[in-house]
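Source file: entry-v4.cif. Holds: mmCIF, C-alpha atoms.
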```cif
data_protein
loop_
_atom_site.label_atom_id
_atom_site.label_comp_id
_atom_site.auth_asym_id
_atom_site.auth_seq_id
_atom_site.Cartn_x
_atom_site.Cartn_y
_atom_site.Cartn_z
CA MET A 1 46.56 64.77 -116.22
CA GLU A 2 43.28 66.25 -114.94
CA PHE A 3 42.16 66.92 -118.51
CA PHE A 4 42.97 63.32 -119.43
CA LYS A 5 40.87 62.06 -116.51
CA GLN A 6 37.96 64.21 -117.65
CA ILE A 7 38.19 62.72 -121.14
CA LEU A 8 38.08 59.21 -119.68
CA GLU A 9 35.08 60.09 -117.54
CA LEU A 10 33.24 61.49 -120.55
CA ASP A 11 34.14 58.32 -122.41
CA LYS A 12 32.56 56.24 -119.63
CA GLU A 13 29.42 58.38 -119.61
CA LEU A 14 29.04 58.12 -123.39
CA PHE A 15 29.57 54.37 -123.20
CA LEU A 16 26.92 53.92 -120.51
CA PHE A 17 24.47 56.05 -122.49
CA LEU A 18 24.96 54.03 -125.70
CA ASN A 19 25.14 50.70 -123.90
CA GLY A 20 21.87 51.43 -122.12
CA PHE A 21 19.69 50.93 -125.21
CA TYR A 22 19.06 47.20 -125.38
CA ASN A 23 16.46 44.44 -125.44
CA ASP A 24 16.42 40.68 -126.02
CA PHE A 25 15.92 40.95 -129.78
CA TRP A 26 18.85 43.31 -130.27
CA ASP A 27 21.01 41.17 -128.00
CA THR A 28 20.69 38.37 -130.55
CA MET A 29 21.00 40.71 -133.54
CA MET A 30 24.15 42.39 -132.22
CA LEU A 31 25.63 39.03 -131.33
CA LEU A 32 25.28 37.99 -134.97
CA ILE A 33 26.64 41.31 -136.24
CA THR A 34 29.69 41.29 -133.98
CA ARG A 35 30.69 37.74 -134.98
CA LYS A 36 33.22 37.73 -137.82
CA GLU A 37 31.83 34.43 -139.07
CA THR A 38 28.59 36.16 -140.07
CA TRP A 39 30.43 38.12 -142.75
CA ILE A 40 32.46 35.29 -144.31
CA PRO A 41 30.32 35.20 -147.52
CA PHE A 42 30.77 38.96 -147.91
CA PHE A 43 34.55 38.73 -147.64
CA LEU A 44 34.67 35.73 -149.98
CA CYS A 45 32.89 37.91 -152.55
CA ILE A 46 35.47 40.65 -152.06
CA LEU A 47 38.25 38.12 -152.67
CA PHE A 48 36.42 36.84 -155.75
CA PHE A 49 36.27 40.34 -157.28
CA ILE A 50 39.94 40.92 -156.46
CA VAL A 51 40.79 37.79 -158.48
CA LYS A 52 38.31 38.69 -161.24
CA ASN A 53 39.54 42.25 -161.76
CA TYR A 54 43.28 41.99 -161.07
CA ARG A 55 44.05 38.52 -162.47
CA THR A 56 47.71 37.55 -161.83
CA LYS A 57 48.21 40.47 -159.43
CA ALA A 58 45.40 39.11 -157.24
CA ILE A 59 47.89 36.96 -155.34
CA LEU A 60 49.95 40.04 -154.51
CA ILE A 61 46.83 41.92 -153.34
CA ILE A 62 45.55 39.01 -151.23
CA LEU A 63 48.97 38.64 -149.56
CA ALA A 64 48.92 42.37 -148.80
CA LEU A 65 45.38 42.05 -147.41
CA ALA A 66 46.54 39.21 -145.16
CA LEU A 67 49.35 41.47 -143.94
CA VAL A 68 46.78 44.21 -143.23
CA VAL A 69 44.74 41.90 -141.00
CA LEU A 70 47.77 40.38 -139.28
CA ALA A 71 49.43 43.75 -138.59
CA SER A 72 46.30 45.50 -137.33
CA ASP A 73 45.35 42.55 -135.14
CA GLN A 74 48.78 42.02 -133.57
CA LEU A 75 49.47 45.73 -133.06
CA SER A 76 46.10 46.18 -131.35
CA VAL A 77 46.85 43.26 -129.03
CA LEU A 78 50.28 44.74 -128.28
CA LEU A 79 48.69 48.07 -127.37
CA LYS A 80 46.09 46.35 -125.18
CA ASN A 81 48.75 44.57 -123.17
CA THR A 82 50.94 47.69 -122.95
CA ILE A 83 48.31 50.30 -122.00
CA GLN A 84 46.16 47.86 -119.96
CA ARG A 85 42.94 49.85 -119.87
CA LEU A 86 40.23 47.64 -118.41
CA ARG A 87 37.21 46.83 -120.53
CA PRO A 88 33.91 48.26 -119.22
CA VAL A 89 32.81 44.80 -118.03
CA TYR A 90 35.89 44.62 -115.78
CA GLU A 91 35.90 48.23 -114.55
CA PRO A 92 34.95 48.10 -110.83
CA SER A 93 33.24 51.51 -110.83
CA ILE A 94 30.74 50.67 -113.59
CA GLU A 95 30.76 46.89 -114.19
CA HIS A 96 27.43 46.50 -112.34
CA LEU A 97 25.86 48.97 -114.82
CA VAL A 98 27.17 47.36 -118.01
CA HIS A 99 24.90 45.34 -120.27
CA ASN A 100 27.09 42.48 -121.49
CA VAL A 101 26.11 40.13 -124.31
CA LEU A 102 27.42 36.54 -124.11
CA ARG A 103 31.11 36.96 -123.20
CA LYS A 104 33.46 39.53 -121.70
CA GLY A 105 36.65 38.88 -123.66
CA GLY A 106 40.12 39.65 -122.33
CA ARG A 107 40.58 42.12 -119.47
CA PHE A 108 42.03 44.96 -121.55
CA GLY A 109 40.24 46.87 -124.30
CA PHE A 110 42.34 49.78 -125.62
CA VAL A 111 42.60 49.58 -128.54
CA SER A 112 39.76 47.55 -130.08
CA SER A 113 40.98 44.79 -132.40
CA HIS A 114 37.56 44.69 -134.07
CA ALA A 115 37.82 48.39 -134.92
CA ALA A 116 41.45 48.14 -136.00
CA ASN A 117 40.85 45.14 -138.26
CA SER A 118 37.63 46.41 -139.83
CA VAL A 119 38.95 49.92 -140.55
CA ALA A 120 42.22 48.53 -141.92
CA ILE A 121 40.28 46.28 -144.30
CA MET A 122 38.02 49.17 -145.31
CA VAL A 123 40.90 51.55 -146.04
CA PHE A 124 42.95 48.99 -147.96
CA THR A 125 40.16 47.49 -150.07
CA SER A 126 38.61 50.92 -150.78
CA ARG A 127 41.90 52.11 -152.23
CA ILE A 128 42.23 48.93 -154.25
CA PHE A 129 38.69 49.10 -155.69
CA LYS A 130 38.45 52.91 -156.02
CA SER A 131 34.66 52.84 -155.83
CA ARG A 132 32.68 55.40 -153.84
CA SER A 133 29.76 52.97 -153.56
CA PHE A 134 32.03 50.28 -152.15
CA TYR A 135 33.61 52.74 -149.70
CA LEU A 136 30.20 53.82 -148.38
CA LEU A 137 29.16 50.18 -148.05
CA MET A 138 32.30 49.36 -146.08
CA LEU A 139 31.90 52.47 -143.94
CA GLY A 140 28.37 51.39 -143.04
CA TRP A 141 29.64 47.93 -142.12
CA VAL A 142 32.47 49.37 -140.00
CA LEU A 143 30.14 51.68 -138.05
CA MET A 144 27.66 48.87 -137.39
CA PHE A 145 30.43 46.40 -136.52
CA CYS A 146 32.05 48.85 -134.10
CA TYR A 147 28.77 49.87 -132.45
CA SER A 148 28.10 46.19 -131.72
CA ARG A 149 31.18 46.24 -129.46
CA ILE A 150 29.70 49.07 -127.37
CA TYR A 151 26.30 47.36 -127.31
CA SER A 152 27.96 44.13 -126.15
CA GLY A 153 29.59 46.02 -123.28
CA VAL A 154 33.19 45.19 -124.16
CA HIS A 155 34.55 48.49 -125.50
CA TYR A 156 34.45 52.20 -124.74
CA PRO A 157 34.05 54.66 -127.64
CA LEU A 158 37.70 55.69 -127.23
CA ASP A 159 38.75 52.04 -127.59
CA LEU A 160 37.04 52.04 -130.97
CA LEU A 161 38.44 55.43 -131.98
CA GLY A 162 41.95 54.30 -131.09
CA GLY A 163 41.47 51.07 -133.00
CA ALA A 164 40.10 52.97 -136.00
CA LEU A 165 43.15 55.26 -136.11
CA LEU A 166 45.47 52.27 -135.87
CA GLY A 167 43.55 50.44 -138.59
CA TRP A 168 43.61 53.49 -140.88
CA GLY A 169 47.37 53.76 -140.49
CA VAL A 170 47.92 50.07 -141.19
CA GLY A 171 45.56 49.94 -144.18
CA PHE A 172 47.07 53.06 -145.76
CA SER A 173 50.68 51.98 -145.10
CA VAL A 174 50.22 48.51 -146.58
CA TYR A 175 48.51 49.99 -149.64
CA LYS A 176 51.48 52.32 -150.17
CA LEU A 177 53.82 49.34 -149.78
CA LEU A 178 51.79 47.46 -152.37
CA MET A 179 52.03 50.39 -154.80
CA PHE A 180 55.80 50.55 -154.27
CA ILE A 181 56.14 46.84 -155.03
CA GLU A 182 53.93 47.07 -158.12
CA ASN A 183 55.69 50.13 -159.52
CA HIS A 184 59.19 48.75 -158.98
CA PHE A 185 58.76 45.06 -159.75
CA PHE A 186 55.56 44.69 -161.79
CA PHE A 187 55.55 47.94 -163.79
CA ALA A 188 55.10 46.22 -167.19
CA ARG A 189 52.21 43.97 -166.23
CA SER A 190 48.51 44.74 -166.61
CA PRO A 191 46.14 45.60 -165.14
CA LYS A 192 47.66 48.39 -163.09
CA ILE A 193 46.25 48.23 -159.55
CA GLU A 194 46.57 51.98 -159.18
CA LYS A 195 44.37 52.61 -162.25
CA THR A 196 41.85 49.73 -162.05
CA ALA A 197 38.51 50.40 -160.35
CA LEU A 198 35.74 48.06 -159.25
CA PRO A 199 32.97 47.99 -161.89
CA VAL A 200 29.58 49.36 -160.84
CA LYS A 201 27.98 45.96 -161.42
CA ASP A 202 30.41 44.25 -159.04
CA ALA A 203 29.84 46.93 -156.39
CA GLY A 204 26.11 46.27 -156.74
CA THR A 205 26.66 42.56 -156.23
CA LEU A 206 28.60 43.21 -153.04
CA LEU A 207 25.80 45.47 -151.79
CA LEU A 208 23.27 42.72 -152.53
CA VAL A 209 25.30 40.12 -150.62
CA PHE A 210 25.65 42.50 -147.67
CA VAL A 211 21.92 43.23 -147.58
CA VAL A 212 21.07 39.53 -147.81
CA LEU A 213 23.38 38.70 -144.88
CA LEU A 214 22.01 41.53 -142.75
CA THR A 215 18.42 40.60 -143.59
CA THR A 216 19.14 36.96 -142.77
CA ALA A 217 20.54 37.95 -139.38
CA PHE A 218 17.40 40.02 -138.73
CA ILE A 219 15.06 37.16 -139.71
CA VAL A 220 16.98 34.59 -137.65
CA SER A 221 16.86 36.88 -134.61
CA TYR A 222 13.14 37.46 -135.07
CA LEU A 223 12.33 33.74 -135.45
CA LEU A 224 14.43 32.74 -132.45
CA HIS A 225 12.53 35.16 -130.22
CA HIS A 226 9.11 34.70 -131.83
CA TYR A 227 9.16 30.95 -131.21
CA ASN A 228 10.89 31.27 -127.81
CA TYR A 229 14.03 29.39 -128.78
CA LEU A 230 16.01 31.83 -126.62
#
```

The structure given in the file should be rewritten as structure tokens.
Amino acid sequence: MEFFKQILELDKELFLFLNGFYNDFWDTMMLLITRKETWIPFFLCILFFIVKNYRTKAILIILALALVVLASDQLSVLLKNTIQRLRPVYEPSIEHLVHNVLRKGGRFGFVSSHAANSVAIMVFTSRIFKSRSFYLLMLGWVLMFCYSRIYSGVHYPLDLLGGALLGWGVGFSVYKLLMFIENHFFFARSPKIEKTALPVKDAGTLLLVFVVLLTTAFIVSYLLHHYNYL
């Protein structure tokens, strides 16, 4: 028990250290990064390439992807309500030290739904596309997305680690379920999901879309502060 308390204290200290680097510009930037709506064009492109490369099996993959998001989200909420670890912004011992951006969210933070959902999507889609470039792109997005939760003051690092482990388990499990379904019920149909990889050109397009969205967020943040709209 004493060891566990020491881990939690170290988690708080690491959170306060990382949360302490902020300014007005990055408040706006991280707010845009942490919002799921910012990345809608990126995910629409992922869905487009699923349809393009897997044709009739795209429906099966998209249904599995929906299960990934639903399972990771609901399981993370279940763990939050069961474990009931307060978010940093609600923790009496440090709440006055926390830099919070915009909103506090629900009272409990372990595990992070943002981390669980993003890692689950990364694991599942990376195994579908089988592209190292795509995996590295998704890993970069996940790390940035998760860090925005610390910056915003709503999650400890352990919240994110717990969410990441949950998301990895969900993404991997649903992929294995998808392979079982394909091999037992769609074995004669092409293309085989297990053997079809994302073309380099398509991975490049996804990288371009990602960079454009991130650059747009940066420019919007700069203009809002430069012209004193915030």

Exercise: Val89 of chain A partners within 7 Å, all atoms listed in the file, chain neighbours under 4 positions left out, as a JSON list (two decimals) with C-alpha atoms, in the frame of the given file:
```json
[["chain", "number", "residue", "atom", "x", "y", "z"],
["A", 95, "GLU", "CA", 30.76, 46.89, -114.19],
["A", 98, "VAL", "CA", 27.17, 47.36, -118.01],
["A", 104, "LYS", "CA", 33.46, 39.53, -121.70],
["A", 153, "GLY", "CA", 29.59, 46.02, -123.28],
["A", 154, "VAL", "CA", 33.19, 45.19, -124.16]]
```

- Query: If we count all atoms listed in the file, what is near segment 9-14 of chain A at a cut-off of 8 Å, once residues fewer than 4 positions away on the same chain are taken out, given as a PyMOL selection string?
  - Reply: chain A and resi 5+18+156-158

- Task: List the residues selected by the PyMOL selection byres ((chain A and resi 129-140) around 9) in the file shown, writing them as a PyMOL selection string.
- Result: chain A and resi 50+118-119+121-128+141-145+193-200+203-204+206-207+210

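Every residue that the PyMOL selection byres ((chain A and resi 215-230) around 9) selects in this file is listed here: Asp24, Phe25, Trp26, Asp27, Thr28, Met29, Leu32, Ile33, Thr38, Phe210, Val211, Val212, Leu213 and Leu214 of chain A.
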
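Neighbours of segment 72-84 of chain A closer than or equal to 9 Å, with only C-alpha atoms counted and sequence neighbours fewer than 4 positions away skipped, come out as Leu67, Val68, Arg107, Phe108, Gly109, Phe110, Val111, Ser112, Ser113, His114, Ala116, Asn117, Ala120, Gly163, Leu166, Gly167, Gly169, Val170 and Gly171 of chain A.
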
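One distance worth recording is that between atom CA of Pro88 of chain A and atom CA of Leu70 of chain A, which is 25.6 Å.
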
- Query: At what distance in Å, to one decimal, does atom CA of Tyr151 of chain A lie from atom CA of Asn19 of chain A?
  - Reply: 4.9 Å

- Counting only C-alpha atoms, which of A:Arg189, A:Arg87, A:Lys36, A:His184 gets nearest to Thr56 of chain A? A:Arg189

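Taking only C-alpha atoms into account, Leu63 of chain A lies nearest to A:Leu47 out of the set A:Leu47, A:Ile150, A:Gln6, A:Ser190.
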
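Taking all atoms listed in the file into account, His99 of chain A lies nearest to A:Ser148 out of the set A:Ser173, A:Ser148, A:Thr34, A:Asn183.
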
- Task: To one decimal in Å, tell me the separation between atom CA of Phe172 of chain A and atom CA of Lys192 of chain A.
- Result: 18.0 Å

So for segment 27-32 of chain A, what box centre and size do we get, axis-aligned, 5 Å extra on each of the six sides, every listed atom, Å to one decimal, as AutoDock Vina command-line options?
```
--center_x 23.2 --center_y 40.2 --center_z -131.5 --size_x 14.9 --size_y 14.4 --size_z 17.0
```

- Using only C-alpha atoms, which of the listed residues (A:Cys146, A:Ile62, A:Val101, A:Ile94) sits closest to Leu161 of chain A? A:Cys146

- Top pick for closest residue to Thr205 of chain A, considering A:Phe17, A:Tyr22, A:Phe180, A:Phe48 and counting only C-alpha atoms: A:Phe48
